[in-house]
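Report on the following structure.
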Amino acid sequence: MDRLLEKKVCLITGAGRGIGRVIADRFARDGAIVYINDIKLEDMDSWAESCSQLYRTKVVPLCFDVTDSVALKAGLMDIYKTEGKIDCIVNNAAIIANQKLGMVTKSLLERMFNVNVFAVIDMLQIASRLMSRNGGGCFVNIASITGIVGSPGQVAYSSTKGAIISMTKSAAKELAPLHIRVNAVAPGIVKTERFDELYADHGETIDSRIEKIALGRLGTPEDIANACSFLASDRASYISGQVLGVDGCATI
Amino acid sequence: MTNLEKYNRIFCDTFQVEENVLNEKFDNTSVEGWDSIKQLCLITSIEETFDIMLDTEDIIGLVSYFAGKDILGKYGVIL
């Protein structure tokens with residue numbers, strides 16, 4: 001039986017580590033040809049090679065800065081010329097910084113919007129033209145539950161994720177005639193390395209938020225990856241413009 | 001097929017017109033149905049045919065048959 005994403009050509013941004021790496025692993029396990037992007041190569045080469053062998057597919061590192069339009073365009077063209085198509089892009093690369101409102105500097109705000117928002121629009125603009133050549137494709141944008149409900153200390157970050165959510169809805173409507181689907185995944189609290197650092201500093205506050213998770217546990221990167229894989233697959237072929245909360249029922 | 005023939009074919013197919021109407025008056029203000037969707041189809045066809053990726057400024061600037069010829073020149077496509 002074919003795997004869920006068998007032979008689909010996918011690009012995951014911010015896949016050097018964390019949730020992006022786990023999404024790439026899920027996609028490869030599901031049979032996709034996966035291009036993993038990050039700003040630095042680090043261990044991506046060796047990881048890609050072992051992942052390719054383990055899942056009998058092709059995993060290819062692709063280094064570029066998503067805020068560099070020229071490099072982004074060249075990267076997408078590389079994939080297109082090599083594979084003849086691009087089926088799915090997961091826009092995962094993002095800057096996460098938690099700061100109280102009075103501590104947010106203009107330069108940090110600009111950097112966050114450049115990576116978290118403007119680069120995603122750039123990606124949508126360029127990649128949608130390549131996808132349309134082959135009759136369609138899909139985008140999965142990583143938002144955040146804070147973009148929906150807000151969070152103290154995350155005014156800047158949640159602003160960028162709120163932008164992702166509205167962008168997803170508008171782009172879905174605009175790209176639907178080209179048979180391109182655009183959806184977002186909005187993770188709740190996810191147990192990552194970053195979470196462990198935050199927990200060390202703000203354990204009590206975080207504990208009170210964990211108590212509000214109806215399913216009684218933290219999310220895992222695998223939970224997020226599973227949602228992305230579903231939205232990238234043909235099983236979601238009639239789903240577009242949606243924001244899928246993956247938060248253990250924390251928002252209700 | 002020459003590049004000019006390919007270019008003309010794109011316009012004819014996109015706007016469902018005959019080649020003899022492609023002149024200096026063929027632009028987005030005078031051609032019925034030249035909307036944003038047609039614009040994107042036009043861009044996609046041009047990019048695919050000539051194996052290029054246009055910059056956003058050029059996509060916006062491609063408002064007429066003649067303007068498109070100038071823009072293609074920037075990407076080394078000689079018509």
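In the structure tokens, each chain is lettered A, B, ... as it comes, each chain's residues begin at 1, and ligands are numbered from 1 in order of appearance.
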
How close does chain A get to chain B? List, as CSV, each residue of chain A within 8 Å, its nearest atom pair and the distance in Å to one decimal, counting only C-alpha atoms.
residue,atom,partner,partner_atom,distance
A:Lys73,CA,B:Met53,CA,7.7
A:Arg129,CA,B:Thr44,CA,5.8
A:Leu130,CA,B:Thr44,CA,7.6
A:Ser132,CA,B:Thr44,CA,7.4
A:Arg133,CA,B:Thr44,CA,6.7

Prev. selection, N, CA, C and O atoms, output as a PDB file, in the first residue's frame:
ATOM      1  N   LYS A  73      14.163  32.057  -4.249  1.00  0.00           N
ATOM      2  CA  LYS A  73      13.728  31.757  -5.621  1.00  0.00           C
ATOM      3  C   LYS A  73      14.642  30.705  -6.255  1.00  0.00           C
ATOM      4  O   LYS A  73      14.167  29.749  -6.881  1.00  0.00           O
ATOM      5  N   ARG A 129       3.386  29.928  -8.139  1.00  0.00           N
ATOM      6  CA  ARG A 129       3.533  29.965  -9.609  1.00  0.00           C
ATOM      7  C   ARG A 129       4.120  28.656 -10.118  1.00  0.00           C
ATOM      8  O   ARG A 129       3.739  28.160 -11.184  1.00  0.00           O
ATOM      9  N   LEU A 130       5.060  28.095  -9.358  1.00  0.00           N
ATOM     10  CA  LEU A 130       5.628  26.805  -9.764  1.00  0.00           C
ATOM     11  C   LEU A 130       4.611  25.686  -9.585  1.00  0.00           C
ATOM     12  O   LEU A 130       4.503  24.793 -10.426  1.00  0.00           O
ATOM     13  N   SER A 132       1.412  25.911  -9.772  1.00  0.00           N
ATOM     14  CA  SER A 132       0.321  26.014 -10.747  1.00  0.00           C
ATOM     15  C   SER A 132       0.723  25.409 -12.090  1.00  0.00           C
ATOM     16  O   SER A 132      -0.128  24.986 -12.860  1.00  0.00           O
ATOM     17  N   ARG A 133       2.024  25.346 -12.364  1.00  0.00           N
ATOM     18  CA  ARG A 133       2.473  24.730 -13.629  1.00  0.00           C
ATOM     19  C   ARG A 133       2.091  23.257 -13.701  1.00  0.00           C
ATOM     20  O   ARG A 133       1.925  22.700 -14.775  1.00  0.00           O
TER      21      ARG A 133
END

Arg29 in chain A surroundings by only C-alpha atoms, 9 Å radius, close-in-sequence under 6 positions cut, as number ranges by chain:
A: 3, 5, 51, 54-57

Taking 4 positions as the minimum chain separation for residues in the same chain, which residues sit within 9 Å of Gln39 in chain B when counting only C-alpha atoms? Answer as a PyMOL selection string.
chain B and resi 14+28+34-35+43-44+59+62-63

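Taking CA of Tyr35 in chain A and CA of Lys85 in chain A as endpoints, the distance between them is 12.4 Å.
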
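In terms of minimum interatomic distance to Phe139 in chain A, A:Leu175 ranks closest within A:Leu175, A:Met103, A:Ala15, A:Val115, counting only C-alpha atoms.
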
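Comparing A:Gly162, A:Gly150, A:Gly137, A:Gly14 by their smallest distance to Phe113 in chain A, the closest is A:Gly162 (using only C-alpha atoms).
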
Members of range 18-67 of chain A assigned alpha helix (DSSP H) by DSSP, as JSON, numbers by chain
{"A": [18, 19, 20, 21, 22, 23, 24, 25, 26, 27, 28, 29, 44, 45, 46, 47, 48, 49, 50, 51, 52, 53, 54, 55]}

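Rounded to one decimal, CA of Ser240 in chain A and CA of Lys169 in chain A lie 8.0 Å from each other.
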